[in-house]
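J.: Structure in structure tokens, see below.
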Amino acid sequence: MLKVTQTKNALLDGATIAEDLYRTPNDFEEFFQNLEKPDEVVAKPRTTFLRAGVLTTVRGSAYMEYGNTKVMAIVAPPHEVVRASARRMNMGSLNCYVNYAAFATGELETVPRREKQLSSMLTKALEPVVCRNEFLNFQLDVRVLIIEDDGCLLSTAINCCGVALVECGISTYDLITASTACIYRDHVFINPNAMVEELLWKHRAGHALPSSSDDTKPIQEHGLLIIASMDTFDQLAQCQQCGYLSPATYTRLLDYTLTINKGMRQLIRQVLLQRVKEQHDLDLREKAQNALEDQRLADIIERLKSQGLSELINPSNIKEDPYTSK
Amino acid sequence: MTDLDASHDSQETDSDELFCLPGERLCRVEDNIILGLGTYEQNGYIYACKSGIVSIDDSDENTQIVSVHKPGFHLTIPVTGDIVTARVLVTTPKFAKCAIFCVRNQLLENSYRGLLRKEDVRETEKDRVDIYKSFKPGDVILARVLNQLEQSILLSTAETELGVVIAYASDVRKNRVPMIPVGWAEMQCPQTTIKEPRKVAKVLPESTIKIEK
């Protein structure tokens with residue numbers, strides 16, 4: 001049996017990386033046989049952990065666990081464009097940077113390329129959702145750190161970034177949710193894990209399909225679909241697709257992803273609402289404290305007015321400045 | 001979908017505040033309703049574009065402003081017309097470069113680049129302005145945002161209330177002595193009584209103009 005996950009562990013132990021795991025067509029068969037195949041399609045998000053505002057040093061941050069996939073997103077307030085771009089835009093620009101944590105992946109050679117690809121796809125997905133007219137001539141940087149990759153990487157990153165954007169207070173037209181579905185040998189995988197994605201990736205050109213030698217049989221459908229949607233206006237923000245899909249299958253997969261997105265949206269709404277309430281309570285508490293302080297000062301002023309300035313010398317009235325005490 | 005969400009939302013909130021999230025439909029666009037902060041208009045409806053608390057304020061007798069206020073951190077970007085507080089970094093014969101660190105009465109997390117051109121220093125006798133007689137690096141100035149350029153924000157101090165508010169005497173000693181304004185174009189060091197030229201701001205009480213604490 002092939003063990004994909006072993007490469008990751010072997011790398012940590014200092015062992016060499018296996019060059020190519022799938023050499024012979026038989027390997028594919030075996031690998032596929034050992035895969036856990038779902039009996040029925042359940043269009044539901046994986047078990048998810050999502051939290052907004054995980055970092056105190058950055059204003060907008062979010063951490064998300066989607067099954068085993070772990071992703072962190074950071075949004076900093078917009079700043080001036082660094083390079084003077086020749087074209088004058090009437091919109092703020094959006095830049096996404098995706099980075100793998102050093103321990104997140106085994107295949108280090110392809111990391112820069114994959115990071116670049118993910119960044120550009122993430123930028124495309126987030127551009128329609130951000131109100132870019134609000135920060136003219138500014139640029140917004142979104143940074144994503146991938147801590148663990150177990151499939152659905154892009155969709156998790158999009159979900160996480162959406163939360164981080166709202167947390168930072170960047171105006172967005174809607175909440176954005178994304179999900180992944182794929183089909184391989186008539187098996188529909190919802191939220192495919194790393195193994196299934198790897199299998200599809202090896203088949204991306206369609207050359208190693210077992211049925212391709214048989215001319216009478218049509219080519220088997222295999223493909224991956226990533227959909228990011230904004231449900232208020234029923235818009236698709238990003239539609240990423242690879243492989244070979246017939247229109248009917250395409251619609252089927254699309255429907256699955258949209259259903260997952262709806263489920264995801266409920267979760268994101270819950271998290272964000274809770275966060276807003278949390279912050280609202282904090283604000284109220286701060287306001288109450290300030291009011292108390294103001295009241296204390298007003299009392300002192302009142303007393304000074306009635307008793308004269310001798311009160312001023314009383315050391316109990318002099319409160320230490322919190323900034324100097326630091 | 002959205003209407004469902006909204007009803008679901010109002011059930012959840014036990015207090016009288018109405019919380020909303022981006023993309024939530026707030027109300028229909030009508031003549032007597034004005035879009036406030038954190039909202040946008042689409043297809044005849046007003047939607048929220050920020051997470052926060054919906055507030056409906058009366059602007060006058062029969063118009064209302066719908067706005068969304070986000071608790072906690074609020075993002076501020078200087079826009080045209082804002083009064084900003086900036087620190088002068090570099091002066092050249094043509095312009096002064098500044099770092100904007102406060103917009104209206106909100107302190108920023110990171111400073112924005114500001115550019116104050118020679119023509120925008122004061123209202124009268126624009127041709128006889130010398131930057132070096134108006135600002136020195138290290139001064140804290142109040143200015144109004146004119147425009148947003150590609151790389152920096154264009155500022156102006158062409159009002160009596162705008163200009164240098166805090167300046168330190170330029171002597172070699174380490175301890176920086178804040179100077180006292182004497183007249184609209186001069187500031188004096190209280191220790192050495194040396195006068196230095198500055199474009200001094202006539203700082204008004206906080207009720208008329210918001211300045212930093």
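Quick note on naming: the chains in the structure tokens go A, B, ... in the order shown, residues restart at 1 in each chain, and ligands are numbered from 1 in order of appearance.
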Please build the interface table for chain A against chain B with a cut-off of 8 Å, listing for each qualifying residue the nearest atom pair and the distance in Å to one decimal; count only C-alpha atoms, order rows by chain and increasing number, and write it as CSV.
T.:
```
residue,atom,partner,partner_atom,distance
A:Arg59,CA,B:Phe73,CA,7.3
A:Pro77,CA,B:Leu75,CA,7.0
A:His79,CA,B:Tyr112,CA,7.0
A:Glu80,CA,B:Gln151,CA,5.9
A:Val81,CA,B:Gln151,CA,6.0
A:Val82,CA,B:Gln151,CA,7.4
A:Ala84,CA,B:Gln151,CA,6.8
A:Arg88,CA,B:Glu150,CA,7.9
A:Phe135,CA,B:Ile77,CA,7.2
A:Leu136,CA,B:Gln148,CA,7.8
A:Asn137,CA,B:Glu150,CA,5.5
A:Val166,CA,B:Ser51,CA,6.5
A:Glu167,CA,B:Ser51,CA,7.9
A:Cys168,CA,B:Phe73,CA,7.3
A:Gly169,CA,B:Leu75,CA,5.9
A:Ile170,CA,B:Leu75,CA,7.1
A:Ser171,CA,B:Cys49,CA,5.0
A:Thr172,CA,B:Cys49,CA,5.0
A:Tyr173,CA,B:Cys49,CA,5.3
A:Asp174,CA,B:Gly23,CA,3.9
A:Leu175,CA,B:Pro22,CA,6.0
A:Asp231,CA,B:Met1,CA,7.7
A:Thr232,CA,B:Gly23,CA,6.1
A:Arg269,CA,B:Leu21,CA,7.4
A:Leu272,CA,B:Leu21,CA,7.6
A:Leu273,CA,B:Phe19,CA,7.2
A:Val276,CA,B:Gly52,CA,6.0
A:Lys277,CA,B:Phe19,CA,7.9
A:Gln279,CA,B:Gly72,CA,5.6
A:His280,CA,B:Pro71,CA,5.3
A:Leu282,CA,B:Gly72,CA,7.7
A:Asp283,CA,B:Gly72,CA,6.5
```
J.: With a distance cut-off of 6 Å and only C-alpha atoms, select the neighbouring residues of Val84 (chain B), excluding the residue or stretch itself and same-chain residues fewer than 4 positions from it, and output the selection as a list of chain:residue names.
T.: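 The neighbour list is B:Cys102, B:Val103, B:Arg104, B:Leu142, B:Ala143.
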J.: I'd like to know which residues of chain B are strand (DSSP E or B) (by DSSP, run on the backbone); could you write them as a PyMOL selection string?
T.: chain B and resi 18-20+25-28+33-35+39-42+45-48+52-60+63-69+83-91+95-103+106-117+140-148+153-156+163-166+168+178+180-181+186-188+195-197+200
J.: I want to know what sits within 8 Å of region 95-99 of chain B, based on only C-alpha atoms, with residues of the same chain fewer than 4 positions away left out; could you give that as a PyMOL selection string?
T.: chain B and resi 86-91+111-118+131+135
J.: Could you check how far CA of Leu154 (chain A) sits from CA of Thr180 (chain A), in Å to one decimal?
T.: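 Interatomic distance, CA of Leu154 (chain A) to CA of Thr180 (chain A): 8.4 Å.
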J.: Which of region 121-290 of chain A end up as alpha helix (DSSP H) when DSSP is run on this backbone - answer as an mmCIF file with C-alpha atoms, in the first residue's frame?
T.:
```
data_model
loop_
_atom_site.group_PDB
_atom_site.id
_atom_site.type_symbol
_atom_site.label_atom_id
_atom_site.label_comp_id
_atom_site.auth_asym_id
_atom_site.auth_seq_id
_atom_site.Cartn_x
_atom_site.Cartn_y
_atom_site.Cartn_z
ATOM 1 C CA MET A 121 -6.382 32.370 -6.602
ATOM 2 C CA LEU A 122 -7.108 33.775 -3.152
ATOM 3 C CA THR A 123 -6.725 37.320 -4.447
ATOM 4 C CA LYS A 124 -9.191 36.618 -7.219
ATOM 5 C CA ALA A 125 -11.655 35.135 -4.758
ATOM 6 C CA LEU A 126 -11.481 38.015 -2.305
ATOM 7 C CA LEU A 153 -6.808 24.248 1.295
ATOM 8 C CA LEU A 154 -8.025 27.084 -0.891
ATOM 9 C CA SER A 155 -11.611 26.938 0.324
ATOM 10 C CA THR A 156 -10.482 26.930 3.955
ATOM 11 C CA ALA A 157 -8.188 29.863 3.280
ATOM 12 C CA ILE A 158 -11.034 31.804 1.646
ATOM 13 C CA ASN A 159 -13.375 31.121 4.574
ATOM 14 C CA CYS A 160 -10.714 32.118 7.056
ATOM 15 C CA CYS A 161 -9.804 35.316 5.177
ATOM 16 C CA GLY A 162 -13.463 36.308 4.983
ATOM 17 C CA VAL A 163 -13.711 36.159 8.757
ATOM 18 C CA ALA A 164 -10.427 38.012 9.226
ATOM 19 C CA LEU A 165 -11.576 40.807 6.888
ATOM 20 C CA VAL A 166 -14.787 41.341 8.848
ATOM 21 C CA GLU A 167 -12.860 41.189 12.095
ATOM 22 C CA CYS A 168 -10.507 43.923 10.870
ATOM 23 C CA ALA A 194 -5.069 15.346 0.916
ATOM 24 C CA MET A 195 -4.900 11.810 -0.459
ATOM 25 C CA VAL A 196 -7.798 12.265 -2.859
ATOM 26 C CA GLU A 197 -6.467 15.624 -3.990
ATOM 27 C CA GLU A 198 -3.077 14.106 -4.595
ATOM 28 C CA LEU A 199 -4.617 11.333 -6.656
ATOM 29 C CA LEU A 200 -6.458 13.871 -8.754
ATOM 30 C CA TRP A 201 -3.375 15.986 -9.100
ATOM 31 C CA LYS A 202 -1.462 13.062 -10.535
ATOM 32 C CA PRO A 247 -21.986 19.624 -17.738
ATOM 33 C CA ALA A 248 -24.406 17.443 -15.759
ATOM 34 C CA THR A 249 -21.734 16.404 -13.286
ATOM 35 C CA TYR A 250 -20.529 19.946 -13.095
ATOM 36 C CA THR A 251 -23.950 21.179 -11.998
ATOM 37 C CA ARG A 252 -24.214 18.334 -9.526
ATOM 38 C CA LEU A 253 -20.880 19.218 -7.924
ATOM 39 C CA LEU A 254 -21.800 22.884 -7.999
ATOM 40 C CA ASP A 255 -25.003 22.166 -6.108
ATOM 41 C CA TYR A 256 -23.097 20.183 -3.505
ATOM 42 C CA THR A 257 -20.589 22.964 -2.949
ATOM 43 C CA LEU A 258 -23.307 25.580 -2.708
ATOM 44 C CA THR A 259 -25.091 23.497 -0.081
ATOM 45 C CA ILE A 260 -21.887 23.220 1.933
ATOM 46 C CA ASN A 261 -21.372 26.957 1.556
ATOM 47 C CA LYS A 262 -24.784 27.580 3.082
ATOM 48 C CA GLY A 263 -23.882 25.400 6.051
ATOM 49 C CA MET A 264 -20.537 27.134 6.354
ATOM 50 C CA ARG A 265 -22.213 30.512 6.223
ATOM 51 C CA GLN A 266 -24.368 29.675 9.234
ATOM 52 C CA LEU A 267 -21.273 28.778 11.198
ATOM 53 C CA ILE A 268 -19.392 31.915 10.173
ATOM 54 C CA ARG A 269 -22.405 34.044 11.055
ATOM 55 C CA GLN A 270 -22.571 32.484 14.485
ATOM 56 C CA VAL A 271 -18.889 33.061 15.143
ATOM 57 C CA LEU A 272 -18.953 36.646 13.937
ATOM 58 C CA LEU A 273 -22.121 37.552 15.824
ATOM 59 C CA GLN A 274 -20.647 36.158 18.994
ATOM 60 C CA ARG A 275 -17.504 38.152 18.366
ATOM 61 C CA VAL A 276 -19.454 41.376 17.804
ATOM 62 C CA LYS A 277 -21.366 40.860 21.033
ATOM 63 C CA GLU A 278 -18.144 40.150 22.872
ATOM 64 C CA GLN A 279 -16.606 43.365 21.620
ATOM 65 C CA HIS A 280 -19.773 45.300 22.319
ATOM 66 C CA ASP A 281 -19.682 44.148 25.940
ATOM 67 C CA LEU A 282 -16.037 45.167 26.181
ATOM 68 C CA ASP A 283 -16.881 48.580 24.767
ATOM 69 C CA LEU A 284 -19.691 49.052 27.254
ATOM 70 C CA ARG A 285 -17.412 48.103 30.129
ATOM 71 C CA GLU A 286 -14.765 50.548 28.977
ATOM 72 C CA LYS A 287 -17.367 53.266 28.629
ATOM 73 C CA ALA A 288 -18.634 52.593 32.147
ATOM 74 C CA GLN A 289 -15.113 52.857 33.499
ATOM 75 C CA ASN A 290 -14.536 56.136 31.687
#
```
J.: Can you tell me which residues surround region 64-72 of chain A at a distance of at most 9 Å, considering only C-alpha atoms, apart from same-chain residues fewer than 2 positions away, and format the answer as an NGL selection string?
T.: :A and (45-52 or 61-62 or 74 or 143-153 or 156-157 or 159-161 or 193)
J.: Please save N, CA and C atoms of the selected residues as a PDB file, in the first residue's frame.
T.:
```
ATOM      1  N   PRO A  45     -20.311  20.679   5.730  1.00  0.00           N
ATOM      2  CA  PRO A  45     -18.926  20.999   6.033  1.00  0.00           C
ATOM      3  C   PRO A  45     -18.330  19.967   6.989  1.00  0.00           C
ATOM      4  N   ARG A  46     -17.008  19.895   6.986  1.00  0.00           N
ATOM      5  CA  ARG A  46     -16.353  19.033   7.966  1.00  0.00           C
ATOM      6  C   ARG A  46     -16.510  19.637   9.356  1.00  0.00           C
ATOM      7  N   THR A  47     -16.085  18.901  10.352  1.00  0.00           N
ATOM      8  CA  THR A  47     -16.076  19.495  11.696  1.00  0.00           C
ATOM      9  C   THR A  47     -15.098  20.659  11.691  1.00  0.00           C
ATOM     10  N   THR A  48     -15.571  21.781  12.171  1.00  0.00           N
ATOM     11  CA  THR A  48     -14.821  23.015  11.987  1.00  0.00           C
ATOM     12  C   THR A  48     -14.624  23.720  13.320  1.00  0.00           C
ATOM     13  N   PHE A  49     -13.451  24.274  13.464  1.00  0.00           N
ATOM     14  CA  PHE A  49     -13.200  25.193  14.577  1.00  0.00           C
ATOM     15  C   PHE A  49     -12.825  26.526  13.972  1.00  0.00           C
ATOM     16  N   LEU A  50     -13.477  27.573  14.417  1.00  0.00           N
ATOM     17  CA  LEU A  50     -13.230  28.887  13.819  1.00  0.00           C
ATOM     18  C   LEU A  50     -13.234  29.923  14.923  1.00  0.00           C
ATOM     19  N   ARG A  51     -12.235  30.783  14.906  1.00  0.00           N
ATOM     20  CA  ARG A  51     -12.195  31.821  15.916  1.00  0.00           C
ATOM     21  C   ARG A  51     -11.635  33.098  15.300  1.00  0.00           C
ATOM     22  N   ALA A  52     -12.311  34.201  15.557  1.00  0.00           N
ATOM     23  CA  ALA A  52     -11.849  35.492  15.048  1.00  0.00           C
ATOM     24  C   ALA A  52     -11.087  36.210  16.151  1.00  0.00           C
ATOM     25  N   SER A  61      -7.536  39.046  12.621  1.00  0.00           N
ATOM     26  CA  SER A  61      -6.920  37.736  12.507  1.00  0.00           C
ATOM     27  C   SER A  61      -7.978  36.669  12.732  1.00  0.00           C
ATOM     28  N   ALA A  62      -7.773  35.534  12.125  1.00  0.00           N
ATOM     29  CA  ALA A  62      -8.717  34.433  12.304  1.00  0.00           C
ATOM     30  C   ALA A  62      -7.957  33.127  12.182  1.00  0.00           C
ATOM     31  N   ILE A  74      -4.365  36.732   8.472  1.00  0.00           N
ATOM     32  CA  ILE A  74      -4.072  38.019   9.103  1.00  0.00           C
ATOM     33  C   ILE A  74      -4.398  39.131   8.117  1.00  0.00           C
ATOM     34  N   ARG A 143      -2.609  38.068   4.699  1.00  0.00           N
ATOM     35  CA  ARG A 143      -1.584  37.024   4.820  1.00  0.00           C
ATOM     36  C   ARG A 143      -2.196  35.763   5.383  1.00  0.00           C
ATOM     37  N   VAL A 144      -1.820  34.650   4.790  1.00  0.00           N
ATOM     38  CA  VAL A 144      -2.366  33.361   5.219  1.00  0.00           C
ATOM     39  C   VAL A 144      -1.214  32.429   5.545  1.00  0.00           C
ATOM     40  N   LEU A 145      -1.301  31.797   6.678  1.00  0.00           N
ATOM     41  CA  LEU A 145      -0.304  30.803   7.052  1.00  0.00           C
ATOM     42  C   LEU A 145      -0.980  29.437   7.098  1.00  0.00           C
ATOM     43  N   ILE A 146      -0.427  28.508   6.357  1.00  0.00           N
ATOM     44  CA  ILE A 146      -0.980  27.150   6.352  1.00  0.00           C
ATOM     45  C   ILE A 146      -0.204  26.335   7.364  1.00  0.00           C
ATOM     46  N   ILE A 147      -0.908  25.851   8.361  1.00  0.00           N
ATOM     47  CA  ILE A 147      -0.248  25.098   9.422  1.00  0.00           C
ATOM     48  C   ILE A 147      -0.323  23.604   9.132  1.00  0.00           C
ATOM     49  N   GLU A 148      -1.446  23.161   8.617  1.00  0.00           N
ATOM     50  CA  GLU A 148      -1.540  21.773   8.200  1.00  0.00           C
ATOM     51  C   GLU A 148      -2.412  21.692   6.965  1.00  0.00           C
ATOM     52  N   ASP A 149      -1.999  20.830   6.040  1.00  0.00           N
ATOM     53  CA  ASP A 149      -2.739  20.718   4.788  1.00  0.00           C
ATOM     54  C   ASP A 149      -3.339  19.328   4.698  1.00  0.00           C
ATOM     55  N   ASP A 150      -4.666  19.266   4.781  1.00  0.00           N
ATOM     56  CA  ASP A 150      -5.338  17.983   4.544  1.00  0.00           C
ATOM     57  C   ASP A 150      -6.495  18.205   3.582  1.00  0.00           C
ATOM     58  N   GLY A 151      -6.178  18.745   2.440  1.00  0.00           N
ATOM     59  CA  GLY A 151      -7.207  18.968   1.422  1.00  0.00           C
ATOM     60  C   GLY A 151      -8.016  20.218   1.691  1.00  0.00           C
ATOM     61  N   CYS A 152      -8.795  20.660   0.695  1.00  0.00           N
ATOM     62  CA  CYS A 152      -9.657  21.839   0.793  1.00  0.00           C
ATOM     63  C   CYS A 152      -8.889  23.069   1.245  1.00  0.00           C
ATOM     64  N   LEU A 153      -7.660  23.180   0.790  1.00  0.00           N
ATOM     65  CA  LEU A 153      -6.808  24.248   1.295  1.00  0.00           C
ATOM     66  C   LEU A 153      -7.326  25.617   0.892  1.00  0.00           C
ATOM     67  N   THR A 156     -10.666  26.584   2.548  1.00  0.00           N
ATOM     68  CA  THR A 156     -10.482  26.930   3.955  1.00  0.00           C
ATOM     69  C   THR A 156      -9.848  28.308   4.091  1.00  0.00           C
ATOM     70  N   ALA A 157      -8.859  28.558   3.227  1.00  0.00           N
ATOM     71  CA  ALA A 157      -8.188  29.863   3.280  1.00  0.00           C
ATOM     72  C   ALA A 157      -9.177  30.987   2.976  1.00  0.00           C
ATOM     73  N   ASN A 159     -12.485  30.975   3.423  1.00  0.00           N
ATOM     74  CA  ASN A 159     -13.375  31.121   4.574  1.00  0.00           C
ATOM     75  C   ASN A 159     -12.699  31.906   5.687  1.00  0.00           C
ATOM     76  N   CYS A 160     -11.450  31.519   5.946  1.00  0.00           N
ATOM     77  CA  CYS A 160     -10.714  32.118   7.056  1.00  0.00           C
ATOM     78  C   CYS A 160     -10.458  33.607   6.776  1.00  0.00           C
ATOM     79  N   CYS A 161     -10.083  33.925   5.541  1.00  0.00           N
ATOM     80  CA  CYS A 161      -9.804  35.316   5.177  1.00  0.00           C
ATOM     81  C   CYS A 161     -11.069  36.158   5.286  1.00  0.00           C
ATOM     82  N   ASN A 193      -9.906  14.911   1.075  1.00  0.00           N
ATOM     83  CA  ASN A 193      -8.709  15.077   1.909  1.00  0.00           C
ATOM     84  C   ASN A 193      -7.460  15.055   1.040  1.00  0.00           C
TER      85      ASN A 193
END
```
J.: Grab the CA of Ile183 (chain A) to CA of Leu224 (chain A) distance for me, in Å with one decimal place.
T.: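 Atom-to-atom, CA of Ile183 (chain A) to CA of Leu224 (chain A), that is 6.5 Å.
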J.: Can you tell me, as a VMD selection string, what residues are no more than 10 Å from region 191-193 of chain B when counting only C-alpha atoms, ignoring any on the same chain fewer than 6 positions away?
T.: chain B and resid 169 171 177 to 180
J.: In Å, rounded to a single decimal, give me how far CA of Gly60 (chain A) is from CA of Asn95 (chain A).
T.: 15.1 Å
